[in-house]
Each structure stands twice: as structure tokens, then as C-alpha cells.
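**Q** Dropping in start_25.txt, which is compact mmCIF, C-alpha atoms:
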```
# COMPACT_ATOMS: atom_id res chain seq x y z
CA MET A 1 61.82 43.36 -29.07
CA ILE A 2 63.04 40.36 -27.07
CA TYR A 3 66.81 40.02 -26.67
CA VAL A 4 68.05 36.48 -26.05
CA ILE A 5 71.49 35.99 -24.54
CA ASP A 6 72.65 32.61 -25.84
CA HIS A 7 74.85 30.55 -23.53
CA GLU A 8 75.58 28.14 -26.39
CA ASP A 9 72.95 25.60 -25.48
CA SER A 10 71.25 23.22 -27.89
CA PHE A 11 67.87 24.41 -26.59
CA THR A 12 68.43 28.12 -27.29
CA TYR A 13 66.82 28.11 -30.72
CA ASN A 14 63.84 26.07 -29.51
CA LEU A 15 63.33 28.93 -27.06
CA VAL A 16 63.89 31.55 -29.80
CA HIS A 17 61.27 29.92 -32.06
CA LEU A 18 58.80 29.97 -29.19
CA LEU A 19 59.53 33.64 -28.43
CA GLU A 20 59.28 34.72 -32.09
CA GLY A 21 55.56 33.92 -31.86
CA PHE A 22 55.22 36.84 -29.42
CA ALA A 23 57.63 39.54 -30.62
CA PRO A 24 60.65 40.18 -32.86
CA THR A 25 63.57 38.38 -31.26
CA TYR A 26 67.30 39.16 -31.43
CA VAL A 27 69.95 36.62 -30.37
CA SER A 28 73.61 37.03 -29.50
CA ASN A 29 76.20 34.94 -27.70
CA TYR A 30 76.88 35.83 -24.08
CA TYR A 31 80.42 36.96 -24.96
CA ASP A 32 79.29 39.16 -27.89
CA ILE A 33 76.53 41.40 -26.47
CA ASN A 34 75.11 43.99 -28.87
CA TRP A 35 74.53 46.79 -26.37
CA HIS A 36 72.65 48.92 -28.91
CA GLN A 37 70.11 46.13 -29.55
CA LEU A 38 69.97 45.35 -25.85
CA GLU A 39 69.04 48.99 -25.10
CA LYS A 40 66.21 48.79 -27.67
CA SER A 41 64.78 45.59 -26.21
CA LYS A 42 61.84 45.42 -23.81
CA VAL A 43 62.62 41.90 -22.57
CA ILE A 44 65.93 40.16 -21.90
CA ILE A 45 66.06 36.36 -21.84
CA PHE A 46 68.96 34.44 -20.30
CA SER A 47 69.04 31.14 -22.19
CA PRO A 48 69.85 27.67 -20.91
CA GLY A 49 73.47 26.58 -21.12
CA PRO A 50 76.17 24.30 -19.80
CA GLY A 51 78.14 24.79 -16.62
CA ASN A 52 77.64 27.01 -13.65
CA PRO A 53 76.36 30.61 -13.49
CA SER A 54 79.78 31.75 -12.26
CA HIS A 55 81.16 30.86 -15.74
CA TYR A 56 79.21 33.76 -17.31
CA PRO A 57 80.27 37.11 -15.79
CA GLU A 58 79.03 38.94 -18.90
CA THR A 59 75.48 37.86 -18.17
CA GLN A 60 75.84 38.93 -14.55
CA THR A 61 76.83 42.39 -15.81
CA VAL A 62 73.70 42.57 -17.98
CA TYR A 63 71.51 41.49 -15.06
CA LYS A 64 72.93 44.09 -12.69
CA LYS A 65 72.62 46.85 -15.29
CA TYR A 66 69.01 46.13 -16.33
CA LYS A 67 67.37 44.67 -13.23
CA GLY A 68 64.38 46.88 -12.49
CA ASN A 69 64.63 48.63 -15.89
CA LYS A 70 63.66 45.83 -18.29
CA LYS A 71 61.79 42.56 -17.93
CA ILE A 72 64.33 39.77 -17.38
CA ILE A 73 63.49 36.09 -17.76
CA GLY A 74 65.90 33.23 -17.03
CA ILE A 75 65.49 29.69 -18.32
CA CYS A 76 67.38 26.80 -16.66
CA LEU A 77 70.95 28.17 -16.42
CA GLY A 78 69.38 31.63 -16.83
CA PHE A 79 67.19 30.92 -13.78
CA GLN A 80 70.32 29.96 -11.84
CA GLN A 81 72.13 33.10 -13.06
CA ILE A 82 69.40 35.34 -11.67
CA LEU A 83 69.61 33.60 -8.30
CA TYR A 84 73.42 33.67 -8.36
CA ALA A 85 73.33 37.42 -9.05
CA GLU A 86 71.13 37.71 -5.94
CA ASN A 87 73.82 35.98 -3.85
CA ALA A 88 72.15 32.57 -3.79
CA ASN A 89 74.18 29.38 -3.72
CA ILE A 90 73.77 27.09 -6.72
CA VAL A 91 74.77 23.52 -5.87
CA PRO A 92 74.77 20.05 -7.48
CA GLN A 93 71.67 17.92 -7.06
CA LYS A 94 71.88 14.34 -5.87
CA LYS A 95 69.85 13.25 -8.89
CA ILE A 96 70.55 14.67 -12.34
CA TYR A 97 67.46 15.57 -14.37
CA HIS A 98 68.30 15.49 -18.08
CA GLY A 99 65.33 14.80 -20.32
CA TYR A 100 63.10 14.18 -17.32
CA GLN A 101 59.45 15.20 -17.05
CA SER A 102 58.34 16.38 -13.61
CA LYS A 103 55.17 17.71 -12.11
CA VAL A 104 55.70 21.25 -10.87
CA LYS A 105 53.19 23.02 -8.69
CA ALA A 106 52.47 26.75 -8.46
CA LEU A 107 52.63 28.10 -4.93
CA LYS A 108 50.45 30.72 -3.25
CA GLU A 109 53.37 33.19 -3.64
CA SER A 110 52.84 33.23 -7.42
CA THR A 111 51.28 36.31 -8.93
CA LEU A 112 51.16 34.76 -12.41
CA PHE A 113 49.76 31.27 -11.81
CA LYS A 114 46.90 29.88 -9.74
CA PRO A 115 48.06 28.28 -6.47
CA ASN A 116 48.26 24.48 -6.59
CA LYS A 117 48.05 24.43 -10.41
CA VAL A 118 50.23 21.53 -11.58
CA PHE A 119 52.22 21.64 -14.83
CA LEU A 120 54.23 18.92 -16.56
CA ALA A 121 57.70 20.33 -17.13
CA GLY A 122 60.80 19.18 -19.01
CA ARG A 123 63.92 19.29 -16.88
CA TYR A 124 67.55 19.31 -18.05
CA HIS A 125 69.71 20.31 -15.09
CA SER A 126 72.19 18.97 -12.59
CA LEU A 127 72.34 22.08 -10.37
CA LYS A 128 69.74 23.60 -8.07
CA LEU A 129 69.14 26.47 -5.66
CA LYS A 130 70.48 25.74 -2.19
CA GLU A 131 67.89 26.67 0.39
CA PRO A 132 67.05 28.47 2.50
CA PHE A 133 67.24 31.49 0.24
CA ASN A 134 66.11 34.87 1.50
CA SER A 135 65.23 37.79 -0.73
CA LEU A 136 63.05 40.82 -0.13
CA SER A 137 61.51 40.79 -3.62
CA LEU A 138 62.39 37.48 -5.32
CA LYS A 139 59.94 34.71 -4.43
CA ILE A 140 60.01 31.00 -5.17
CA THR A 141 56.70 30.42 -6.95
CA MET A 142 56.83 26.80 -8.20
CA ARG A 143 58.32 23.61 -6.81
CA CYS A 144 58.82 20.11 -8.10
CA VAL A 145 56.11 17.88 -6.62
CA GLU A 146 58.54 14.94 -6.29
CA SER A 147 61.72 16.62 -4.98
CA ASN A 148 60.45 19.99 -3.67
CA VAL A 149 63.25 21.76 -5.59
CA ALA A 150 62.56 25.39 -6.57
CA MET A 151 61.28 25.46 -10.18
CA ALA A 152 60.20 29.08 -10.71
CA ILE A 153 60.84 32.54 -9.32
CA GLU A 154 59.02 35.86 -9.59
CA ASP A 155 60.02 39.37 -8.64
CA THR A 156 57.12 41.59 -9.67
CA ILE A 157 58.80 44.68 -8.18
CA ASN A 158 61.85 44.43 -10.48
CA ASN A 159 60.12 42.51 -13.30
CA VAL A 160 62.38 39.44 -13.01
CA TYR A 161 61.15 35.89 -13.62
CA GLY A 162 62.67 32.47 -14.14
CA PHE A 163 62.02 28.80 -14.73
CA GLN A 164 64.44 26.05 -13.74
CA PHE A 165 62.70 23.81 -16.27
CA HIS A 166 62.43 24.32 -20.04
CA PRO A 167 59.13 25.83 -21.26
CA ASP A 168 60.54 25.30 -24.78
CA SER A 169 60.85 21.52 -24.38
CA PHE A 170 58.34 19.06 -25.84
CA LEU A 171 58.27 17.56 -22.32
CA THR A 172 56.67 20.76 -21.01
CA VAL A 173 52.97 20.50 -21.80
CA ASP A 174 51.94 24.18 -21.49
CA GLY A 175 55.27 25.86 -22.27
CA LYS A 176 53.84 28.47 -24.63
CA PHE A 177 51.20 29.41 -22.05
CA LEU A 178 53.86 29.74 -19.31
CA ILE A 179 56.02 32.06 -21.42
CA GLN A 180 52.98 34.06 -22.58
CA LYS A 181 51.88 34.69 -18.97
CA VAL A 182 55.31 36.12 -18.11
CA LEU A 183 55.61 38.20 -21.28
CA GLN A 184 52.14 39.69 -20.90
CA PHE A 185 52.36 40.45 -17.17
```
Please render this file's structure as C-alpha cells.
**A**
Amino acid sequence: MIYVIDHEDSFTYNLVHLLEGFAPTYVSNYYDINWHQLEKSKVIIFSPGPGNPSHYPETQTVYKKYKGNKKIIGICLGFQQILYAENANIVPQKKIYHGYQSKVKALKESTLFKPNKVFLAGRYHSLKLKEPFNSLSLKITMRCVESNVAMAIEDTINNVYGFQFHPDSFLTVDGKFLIQKVLQF
């Protein structure tokens, strides 16, 4: 089962519909976690959402409890929450990307995607990872071709992954493929 933590974003159910094609999916709001269902899940998804990762301490608690024990995937705000939980700084971007399609390129650090493979990705965010960011296990694995902003992370040791962009958006050309690669890894 996939457990989706909803941060009350309009994209959450686009993501849920995509995930339901892979496994039964359970959804709850970030402030109303069903711990019994969460324990039964194999994958935890942190959904997109408004605001800053610091606004969601409940999700941080889930991350710290299950990191290394369950597969965790963060999308947009969820991506930022994973980084924030790893002591990264999340800061405003100069340019806001809402409903913007970007080319993102897989880096040689990626275990899941071929290096230099370019994807078209739908972006809806005003915050980004402040770099440099150092982690022993979490690697930046995709970057925006235009701005060089971090667009994906992988931690194959702890089974943690994230996309700054929206695989569930119609602006992301291979979104189902991207999610499938992470779920099946």
C-alpha cells in the first residue's frame, strides 16, 4: 500500500490517481495521520503543498520515524521537506515557477535514470534548495537545464527519493515512467 500525506494541495489527487495505477493508495491530511495505516504501508509519499517545509512538523515526525524503514518519496513541497529534515536550507528563488515547463537533466549520480537523459517537467514552486548541500547518503540526481536548480534527489541507502517538479502534471511528459522507476527500485 502507498500512503499519501496530503498537504492540502490542488495537485494531491492528480498524484493519487497516478499512484493508484501501481498499488492501493491511502490518503490523509498531514494533521490527521492514521498511524495504523501508515504502519501497513510500504511507501510513504509527501505531497505537494503551499508554504514552507517548516510549516509541517507532523510530516517531519513521519520522516524521522520511517527514514530507512520504508520507501519515502517527496513531491515538490515533499521534496523540500525531505531536504529540510536533513538540515538543508530551503530559500526563495529569484524567479517563481508556477505552471512552467522546464528541461531537467539526470546526473551521473543517479542510480535510477541514465546520465544526461533530459525530461520535460512541470514546475510549480517558489522555493528551492540552497546550495551547497552536503549529505553522506542523499544525492542531487537531476538539475534544471536552464537554472541549474536541484530537481531530484536519491538516497538508495535509506530508500528516500524526491522530485522538485510534479510528475503528476500534464506538463511533465514522462511522469508515470518517473514514478514507476522510483516505486519499482
**Q** For Lys40 in chain A, find every residue with an atom within 10 Å (counting all atoms listed in the file), except residues of its own chain fewer than 5 positions away, and show them as a PyMOL selection string.
**A** chain A and resi 1-3+35
**Q** Which residues of range 41-83 of chain A sit at most 7 Å from range 9-25 of chain A, using only C-alpha atoms? Give each one's shortest atom pair and distance in Å (one decimal place), in chain and ascending residue order, as CSV.
**A**
```
residue,atom,partner,partner_atom,distance
A:Ser47,CA,A:Thr12,CA,6.0
A:Pro48,CA,A:Asp9,CA,5.9
A:Gly49,CA,A:Asp9,CA,4.5
A:Pro50,CA,A:Asp9,CA,6.7
```
**Q** Between CA of Gln37 in chain A and CA of Lys139 in chain A, what is the spacing in Å?
**A** 29.4 Å
**Q** Given all atoms listed in the file as the basis, pick out the residue of A:Pro115, A:Gly175, A:Gly122, A:Pro57 nearest to Gln81 in chain A.
**A**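 Using all atoms listed in the file, the shortest distance to Gln81 in chain A belongs to A:Pro57.
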**Q** Nearest residue to Leu136 in chain A out of A:Gly99, A:Val182, A:Glu86, A:Phe170, using all atoms listed in the file?
**A**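 Of all the options, A:Glu86 lies closest to Leu136 in chain A.
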